[in-house]
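Here is model.cif, consisting of mmCIF, C-alpha atoms and all ligand atoms:
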```cif
data_start
#
loop_
_atom_site.label_atom_id
_atom_site.label_comp_id
_atom_site.auth_asym_id
_atom_site.auth_seq_id
_atom_site.Cartn_x
_atom_site.Cartn_y
_atom_site.Cartn_z
CA MET A 1 8.25 -2.93 20.87
CA HIS A 2 7.92 0.84 21.45
CA PRO A 3 5.04 2.31 19.37
CA LYS A 4 7.55 4.50 17.52
CA GLU A 5 9.12 1.34 16.05
CA GLU A 6 6.01 0.29 14.08
CA ARG A 7 6.83 -0.29 10.41
CA THR A 8 4.79 -0.37 7.22
CA LEU A 9 5.44 -1.26 3.58
CA VAL A 10 4.54 1.13 0.77
CA ILE A 11 4.88 0.29 -2.91
CA ILE A 12 4.46 2.95 -5.57
CA LYS A 13 2.91 0.82 -8.30
CA PRO A 14 3.97 1.16 -11.98
CA ASP A 15 1.26 3.77 -12.72
CA GLY A 16 2.73 6.02 -10.00
CA VAL A 17 6.18 5.82 -11.59
CA GLN A 18 4.79 6.40 -15.10
CA ARG A 19 2.80 9.42 -13.91
CA SER A 20 6.02 10.95 -12.48
CA LEU A 21 4.52 10.99 -8.99
CA ILE A 22 7.40 9.41 -7.01
CA GLY A 23 8.51 12.72 -5.50
CA GLU A 24 4.98 13.92 -4.70
CA ILE A 25 4.09 10.62 -3.04
CA VAL A 26 7.28 10.40 -0.97
CA ARG A 27 6.79 14.05 0.09
CA ARG A 28 3.33 13.32 1.46
CA TYR A 29 4.53 10.47 3.67
CA GLU A 30 7.78 12.18 4.63
CA ARG A 31 6.21 15.33 6.06
CA SER A 32 4.00 13.25 8.41
CA GLY A 33 6.99 12.71 10.68
CA LEU A 34 7.44 9.05 9.76
CA LYS A 35 11.01 7.90 9.08
CA LEU A 36 12.01 6.37 5.73
CA ILE A 37 14.17 3.34 6.56
CA ALA A 38 14.36 1.58 3.17
CA LEU A 39 13.81 2.62 -0.45
CA LYS A 40 14.45 1.01 -3.82
CA MET A 41 13.30 0.93 -7.43
CA PHE A 42 12.91 -2.34 -9.33
CA VAL A 43 10.56 -4.33 -11.58
CA PRO A 44 8.47 -6.67 -9.38
CA THR A 45 8.54 -10.37 -10.30
CA PRO A 46 5.35 -12.46 -10.60
CA GLU A 47 6.62 -14.59 -7.68
CA GLN A 48 6.95 -11.54 -5.44
CA VAL A 49 3.44 -10.34 -6.31
CA MET A 50 1.89 -13.76 -5.58
CA ALA A 51 3.79 -14.13 -2.30
CA HIS A 52 2.80 -10.60 -1.33
CA TYR A 53 -0.96 -10.97 -1.79
CA LEU A 54 -1.11 -14.53 -0.51
CA THR A 55 0.59 -13.79 2.85
CA ASP A 56 -3.01 -13.60 4.10
CA PRO A 57 -4.53 -17.02 3.29
CA ASP A 58 -8.04 -15.47 3.30
CA TRP A 59 -7.14 -12.61 0.95
CA LYS A 60 -8.83 -14.07 -2.17
CA GLN A 61 -12.00 -14.82 -0.24
CA LYS A 62 -12.10 -11.37 1.38
CA VAL A 63 -11.44 -9.45 -1.84
CA GLY A 64 -14.03 -11.62 -3.64
CA GLU A 65 -16.64 -10.94 -0.96
CA LYS A 66 -15.86 -7.22 -0.97
CA ALA A 67 -16.24 -7.11 -4.77
CA ILE A 68 -19.58 -8.97 -4.67
CA GLU A 69 -20.87 -6.60 -1.97
CA ALA A 70 -19.82 -3.62 -4.12
CA TYR A 71 -21.70 -4.97 -7.16
CA LYS A 72 -24.83 -5.47 -5.05
CA GLN A 73 -24.66 -2.00 -3.52
CA LYS A 74 -24.44 -0.41 -6.93
CA GLY A 75 -27.35 -2.52 -8.16
CA GLN A 76 -25.11 -4.22 -10.71
CA LYS A 77 -25.36 -7.83 -11.72
CA VAL A 78 -23.04 -9.97 -9.60
CA PRO A 79 -20.96 -12.15 -11.91
CA SER A 80 -22.08 -15.71 -11.20
CA ARG A 81 -18.81 -16.65 -9.57
CA SER A 82 -17.70 -17.58 -6.08
CA PRO A 83 -15.70 -15.05 -4.00
CA GLN A 84 -12.65 -17.31 -4.51
CA GLU A 85 -13.01 -17.10 -8.30
CA ILE A 86 -13.39 -13.33 -8.22
CA GLY A 87 -10.39 -13.12 -5.86
CA GLU A 88 -8.37 -15.21 -8.34
CA ILE A 89 -9.23 -12.85 -11.19
CA VAL A 90 -8.30 -9.79 -9.10
CA LEU A 91 -4.99 -11.46 -8.21
CA ASN A 92 -4.16 -12.27 -11.85
CA ASN A 93 -4.92 -8.69 -12.85
CA LEU A 94 -2.74 -7.40 -10.01
CA ARG A 95 0.13 -9.61 -11.18
CA LYS A 96 -0.05 -8.16 -14.70
CA TYR A 97 -0.32 -4.60 -13.32
CA LEU A 98 2.54 -4.80 -10.83
CA THR A 99 5.00 -6.58 -13.14
CA SER A 100 4.34 -4.16 -16.02
CA GLY A 101 7.21 -1.79 -15.17
CA PRO A 102 9.37 -0.24 -12.47
CA ALA A 103 7.91 0.23 -9.01
CA VAL A 104 9.30 1.86 -5.87
CA ALA A 105 9.17 0.08 -2.52
CA MET A 106 9.66 1.79 0.82
CA VAL A 107 9.56 0.97 4.49
CA TRP A 108 8.30 3.74 6.78
CA GLN A 109 8.74 3.61 10.53
CA GLY A 110 7.16 5.56 13.37
CA MET A 111 4.26 5.77 15.78
CA HIS A 112 1.07 4.37 14.17
CA ALA A 113 3.02 3.98 10.91
CA VAL A 114 0.39 1.67 9.38
CA GLY A 115 -2.58 3.89 10.26
CA VAL A 116 -0.87 7.15 9.30
CA VAL A 117 0.17 5.74 5.91
CA ARG A 118 -3.32 4.32 5.22
CA LYS A 119 -4.86 7.70 6.06
CA ILE A 120 -2.52 9.59 3.72
CA THR A 121 -3.00 6.94 1.01
CA GLY A 122 -6.82 6.90 1.03
CA GLY A 123 -9.36 4.18 0.24
CA THR A 124 -8.70 1.46 -2.32
CA GLU A 125 -10.89 2.82 -5.14
CA PRO A 126 -9.68 6.22 -6.40
CA LEU A 127 -13.18 7.31 -7.44
CA THR A 128 -14.42 7.10 -3.86
CA SER A 129 -11.24 7.73 -1.85
CA ASP A 130 -11.24 10.99 0.11
CA VAL A 131 -10.07 14.31 -1.28
CA GLY A 132 -6.71 15.15 0.28
CA THR A 133 -5.43 11.59 0.01
CA ILE A 134 -2.97 10.31 -2.59
CA ARG A 135 -5.49 8.03 -4.28
CA GLY A 136 -8.24 10.66 -4.02
CA ASP A 137 -6.18 13.55 -5.40
CA LEU A 138 -3.75 12.12 -7.91
CA THR A 139 -5.63 9.55 -9.97
CA LEU A 140 -9.14 8.65 -11.10
CA ASP A 141 -9.88 4.94 -11.62
CA SER A 142 -12.95 2.93 -10.52
CA TYR A 143 -13.83 -0.73 -9.91
CA LEU A 144 -16.54 -0.43 -12.56
CA VAL A 145 -14.22 0.58 -15.39
CA ALA A 146 -11.39 -1.71 -14.23
CA ASP A 147 -13.75 -4.70 -14.10
CA THR A 148 -15.32 -3.83 -17.46
CA ASP A 149 -11.85 -3.65 -19.00
CA GLY A 150 -10.69 -6.81 -17.21
CA ARG A 151 -7.74 -5.17 -15.44
CA ALA A 152 -6.65 -4.14 -11.95
CA VAL A 153 -7.77 -0.89 -10.39
CA ARG A 154 -4.89 1.55 -10.95
CA ASN A 155 -4.63 3.15 -7.54
CA LEU A 156 -0.94 4.18 -7.45
CA ILE A 157 -0.02 2.61 -4.09
CA HIS A 158 0.13 -0.50 -1.98
CA ALA A 159 0.13 0.16 1.77
CA SER A 160 0.08 -2.59 4.41
CA GLY A 161 -3.31 -3.13 6.07
CA ASN A 162 -2.07 -3.72 9.64
CA ALA A 163 1.18 -4.13 11.58
CA LYS A 164 1.20 -7.94 11.30
CA GLU A 165 0.62 -7.79 7.54
CA ALA A 166 3.46 -5.25 7.28
CA GLU A 167 5.93 -7.54 9.07
CA GLN A 168 4.97 -10.41 6.73
CA GLU A 169 5.19 -8.28 3.59
CA ILE A 170 8.47 -6.42 4.24
CA PRO A 171 10.73 -9.53 3.86
CA ILE A 172 9.17 -10.27 0.45
CA TRP A 173 10.58 -7.01 -0.92
CA PHE A 174 13.64 -6.25 1.25
CA VAL A 175 16.57 -8.16 2.70
CA GLU A 176 17.56 -7.18 6.24
CA GLU A 177 20.69 -5.23 5.13
CA GLU A 178 18.56 -2.89 3.01
CA ILE A 179 16.65 -1.66 6.07
CA LEU A 180 18.51 1.08 7.92
CA LYS A 181 18.64 1.83 11.62
CA TYR A 182 19.29 5.49 12.32
CA ARG A 183 18.05 8.48 14.30
CA LEU A 184 16.26 11.50 12.83
CA VAL A 185 16.76 14.71 14.82
CA GLY A 186 13.06 15.53 14.39
CA GLU A 187 12.06 12.42 16.33
CA SER A 188 12.74 14.07 19.69
CA ILE A 189 9.93 16.61 19.23
CA LEU A 190 7.58 13.77 18.26
CA TYR A 191 8.45 11.22 20.92
CA ASP A 192 10.47 12.63 23.84
CA VAL A 193 8.46 12.80 27.05
CA ASN A 194 10.22 15.91 28.36
CA LEU A 195 10.82 18.84 26.04
CA ASP A 196 13.73 20.07 28.12
CA GLY A 197 16.43 20.45 25.47
CA ILE A 198 14.92 23.33 23.47
CA LEU A 199 15.44 26.53 25.49
CA GLU A 200 18.97 27.82 26.03
P1 LIG B 1 -5.70 -1.94 -0.31
O1 LIG B 1 -5.14 -2.51 0.94
O2 LIG B 1 -6.42 -0.63 -0.10
O3 LIG B 1 -4.73 -1.84 -1.45
O4 LIG B 1 -6.85 -2.94 -0.80
P2 LIG B 1 -6.95 -4.55 -0.68
O5 LIG B 1 -5.80 -5.10 0.09
O6 LIG B 1 -8.34 -4.85 -0.24
O7 LIG B 1 -6.84 -4.97 -2.19
C1 LIG B 1 -5.62 -5.03 -2.84
C2 LIG B 1 -5.81 -4.68 -4.30
O8 LIG B 1 -6.79 -5.54 -4.89
C3 LIG B 1 -6.35 -3.26 -4.53
O9 LIG B 1 -5.32 -2.31 -4.56
C4 LIG B 1 -7.10 -3.40 -5.82
O10 LIG B 1 -6.20 -3.28 -6.92
C5 LIG B 1 -7.61 -4.83 -5.79
N1 LIG B 1 -8.99 -4.89 -5.30
C6 LIG B 1 -9.38 -4.92 -4.01
N2 LIG B 1 -10.69 -4.98 -3.89
C7 LIG B 1 -11.19 -5.00 -5.15
C8 LIG B 1 -12.52 -5.07 -5.69
O11 LIG B 1 -13.52 -5.10 -4.98
N3 LIG B 1 -12.64 -5.09 -7.05
C9 LIG B 1 -11.55 -5.03 -7.86
N4 LIG B 1 -11.73 -5.04 -9.18
N5 LIG B 1 -10.27 -4.97 -7.39
C10 LIG B 1 -10.10 -4.95 -6.05
MG MG B 2 -4.44 -4.46 1.41
#
```
Please express what this file holds, its structure, as structure tokens.
Amino acid sequence: MHPKEERTLVIIKPDGVQRSLIGEIVRRYERSGLKLIALKMFVPTPEQVMAHYLTDPDWKQKVGEKAIEAYKQKGQKVPSRSPQEIGEIVLNNLRKYLTSGPAVAMVWQGMHAVGVVRKITGGTEPLTSDVGTIRGDLTLDSYLVADTDGRAVRNLIHASGNAKEAEQEIPIWFVEEEILKYRLVGESILYDVNLDGILE
């Protein structure tokens, strides 16, 4: 596979739609040079959300461990639960969050698509994600408040974590016919080895 064919899945979660941020979010990814090859709006089903997060069999464990580490670092009491139990709670909260209303799913393609999208998206927790990123600029939630309220962190976006994860996630949200193959004229300036078609 040529590097320019890398694909990644982005979902604008229901809070992004409710905040009227669809255009702003698409604009940020679009101007990177990546190519939008699929786009649709729909209400996610609980089955899709479960399949999506459980494509990685270690996801619950990893999210649970990450959450426990975060409690410790902030000097907060770690809930006396196993990482698996915490992961299960996070997953249930995500299911409620993602099925609460319309979402927008997209597939973006291009060189380093996963990395470029993650960079533009920003870190998972809006409170600590970098300024200049979507999660850092356009919303304001934290793990602390989300956990206290017993709900998912509202961070506007899902973006695949790596290329393998992307290829597993895309078929959960799109059928093959919904993903378009086409050329963008701007791709030549990004990818062509010889820039010999510009001067007259
Ligand atoms: P992402 O790839 O940046 O979206 O982050 P992950 O794949 O690690 O986690 C997926 C989702 O699980 C996030 O968007 C959060 O909603 C939730 N999540 C992840 N880690 C934590 C955590 O430590 N605490 C809580 N409360 N939620 C978390
Ligand atoms: Mg992830």
Counting all atoms listed in the file, what are the residues of chain A within 9 Å of ligand LIG 1 (chain B), and for each of them which pair of atoms is the nearest and at what distance in Å, to one decimal? Sort the table by chain and rising number, as CSV.
```
residue,atom,partner,partner_atom,distance
A:Tyr53,CA,B:LIG1,C1,7.6
A:Trp59,CA,B:LIG1,O5,7.7
A:Lys62,CA,B:LIG1,O6,7.7
A:Val63,CA,B:LIG1,N2,5.0
A:Gly64,CA,B:LIG1,O11,6.7
A:Glu65,CA,B:LIG1,O11,7.7
A:Lys66,CA,B:LIG1,O11,5.1
A:Ala67,CA,B:LIG1,O11,3.4
A:Ile68,CA,B:LIG1,O11,7.2
A:Glu69,CA,B:LIG1,O11,8.1
A:Ala70,CA,B:LIG1,O11,6.5
A:Tyr71,CA,B:LIG1,O11,8.5
A:Ile86,CA,B:LIG1,N3,8.4
A:Gly87,CA,B:LIG1,C10,8.2
A:Ile89,CA,B:LIG1,N4,8.4
A:Val90,CA,B:LIG1,N5,5.5
A:Leu91,CA,B:LIG1,O8,7.0
A:Asn93,CA,B:LIG1,O10,8.1
A:Leu94,CA,B:LIG1,O10,6.2
A:Tyr97,CA,B:LIG1,O10,8.8
A:Arg118,CA,B:LIG1,O2,7.9
A:Thr121,CA,B:LIG1,O2,8.4
A:Gly122,CA,B:LIG1,O2,7.6
A:Gly123,CA,B:LIG1,O2,5.6
A:Thr124,CA,B:LIG1,O2,3.8
A:Glu125,CA,B:LIG1,C4,7.3
A:Ser142,CA,B:LIG1,N4,8.2
A:Tyr143,CA,B:LIG1,N4,4.8
A:Leu144,CA,B:LIG1,N4,7.5
A:Val145,CA,B:LIG1,N4,8.7
A:Ala146,CA,B:LIG1,N4,6.1
A:Asp147,CA,B:LIG1,N4,5.3
A:Gly150,CA,B:LIG1,N4,8.3
A:Arg151,CA,B:LIG1,N4,7.4
A:Ala152,CA,B:LIG1,O10,5.1
A:Val153,CA,B:LIG1,O10,4.5
A:Arg154,CA,B:LIG1,O10,6.4
A:Asn155,CA,B:LIG1,O9,6.3
A:Leu156,CA,B:LIG1,O9,8.3
A:Ile157,CA,B:LIG1,O3,7.0
A:His158,CA,B:LIG1,O3,5.1
A:Ala159,CA,B:LIG1,O1,6.0
A:Ser160,CA,B:LIG1,O1,6.3
A:Gly161,CA,B:LIG1,O1,5.5
```
If you count all atoms listed in the file, the residue of A:Thr148, A:Gln109, A:Thr55, A:Gln84 closest to ligand MG 2 (chain B) turns out to be A:Thr55
For segment 22-36 of chain A, list every protein, DNA or RNA residue within 8 Å, evaluated using all atoms listed in the file, and leave out those in the same chain fewer than 5 positions away; present the list as a tab-separated table (two decimals) with C-alpha atoms, in the coordinates of the input.
```tsv
chain	number	residue	atom	x	y	z
A	12	ILE	CA	4.46	2.95	-5.57
A	16	GLY	CA	2.73	6.02	-10.00
A	17	VAL	CA	6.18	5.82	-11.59
A	104	VAL	CA	9.30	1.86	-5.87
A	106	MET	CA	9.66	1.79	0.82
A	107	VAL	CA	9.56	0.97	4.49
A	108	TRP	CA	8.30	3.74	6.78
A	109	GLN	CA	8.74	3.61	10.53
A	110	GLY	CA	7.16	5.56	13.37
A	111	MET	CA	4.26	5.77	15.78
A	113	ALA	CA	3.02	3.98	10.91
A	116	VAL	CA	-0.87	7.15	9.30
A	117	VAL	CA	0.17	5.74	5.91
A	120	ILE	CA	-2.52	9.59	3.72
A	134	ILE	CA	-2.97	10.31	-2.59
A	184	LEU	CA	16.26	11.50	12.83
A	186	GLY	CA	13.06	15.53	14.39
A	187	GLU	CA	12.06	12.42	16.33
A	190	LEU	CA	7.58	13.77	18.26
```
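Using only C-alpha atoms, the shortest contact distance between Val175 of chain A and any of A:Leu39, A:Leu21, A:Pro83, A:Leu140 is found at A:Leu39.
Put simply, atom CA of Thr139 of chain A is 23.5 Å away from atom CA of His52 of chain A.
Distance check against Lys13 of chain A using only C-alpha atoms: of A:Thr128, A:Gln48, A:Ser100, A:Asn194, the minimum falls on A:Ser100.
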Reconstructed N, CA, C and O atoms for segment 174-185 of chain A, given as an mmCIF file, keeping the file's coordinate frame:
```cif
data_model
loop_
_atom_site.group_PDB
_atom_site.id
_atom_site.type_symbol
_atom_site.label_atom_id
_atom_site.label_comp_id
_atom_site.auth_asym_id
_atom_site.auth_seq_id
_atom_site.Cartn_x
_atom_site.Cartn_y
_atom_site.Cartn_z
ATOM 1 N N PHE A 174 12.353 -6.747 0.758
ATOM 2 C CA PHE A 174 13.640 -6.250 1.250
ATOM 3 C C PHE A 174 14.399 -7.334 1.996
ATOM 4 O O PHE A 174 13.798 -8.102 2.749
ATOM 5 N N VAL A 175 15.733 -7.356 1.820
ATOM 6 C CA VAL A 175 16.570 -8.160 2.700
ATOM 7 C C VAL A 175 16.960 -7.261 3.879
ATOM 8 O O VAL A 175 16.941 -6.035 3.771
ATOM 9 N N GLU A 176 17.309 -7.893 4.979
ATOM 10 C CA GLU A 176 17.560 -7.180 6.240
ATOM 11 C C GLU A 176 18.556 -6.033 6.067
ATOM 12 O O GLU A 176 18.362 -4.943 6.604
ATOM 13 N N GLU A 177 19.630 -6.260 5.270
ATOM 14 C CA GLU A 177 20.690 -5.230 5.130
ATOM 15 C C GLU A 177 20.185 -3.964 4.430
ATOM 16 O O GLU A 177 20.837 -2.915 4.484
ATOM 17 N N GLU A 178 19.071 -4.064 3.725
ATOM 18 C CA GLU A 178 18.560 -2.890 3.010
ATOM 19 C C GLU A 178 17.735 -1.969 3.922
ATOM 20 O O GLU A 178 17.330 -0.893 3.512
ATOM 21 N N ILE A 179 17.476 -2.440 5.140
ATOM 22 C CA ILE A 179 16.650 -1.660 6.070
ATOM 23 C C ILE A 179 17.570 -0.998 7.096
ATOM 24 O O ILE A 179 18.320 -1.680 7.793
ATOM 25 N N LEU A 180 17.527 0.330 7.135
ATOM 26 C CA LEU A 180 18.510 1.080 7.920
ATOM 27 C C LEU A 180 17.993 1.421 9.318
ATOM 28 O O LEU A 180 16.819 1.694 9.508
ATOM 29 N N LYS A 181 18.941 1.401 10.250
ATOM 30 C CA LYS A 181 18.640 1.830 11.620
ATOM 31 C C LYS A 181 19.375 3.141 11.845
ATOM 32 O O LYS A 181 20.594 3.176 11.794
ATOM 33 N N TYR A 182 18.650 4.205 12.077
ATOM 34 C CA TYR A 182 19.290 5.490 12.320
ATOM 35 C C TYR A 182 18.315 6.407 13.042
ATOM 36 O O TYR A 182 17.122 6.129 13.129
ATOM 37 N N ARG A 183 18.855 7.515 13.558
ATOM 38 C CA ARG A 183 18.050 8.480 14.300
ATOM 39 C C ARG A 183 17.782 9.689 13.424
ATOM 40 O O ARG A 183 18.665 10.145 12.698
ATOM 41 N N LEU A 184 16.567 10.219 13.462
ATOM 42 C CA LEU A 184 16.260 11.500 12.830
ATOM 43 C C LEU A 184 16.181 12.540 13.931
ATOM 44 O O LEU A 184 15.523 12.285 14.948
ATOM 45 N N VAL A 185 16.785 13.704 13.738
ATOM 46 C CA VAL A 185 16.760 14.710 14.820
ATOM 47 C C VAL A 185 15.313 15.094 15.167
ATOM 48 O O VAL A 185 14.990 15.327 16.324
#
```
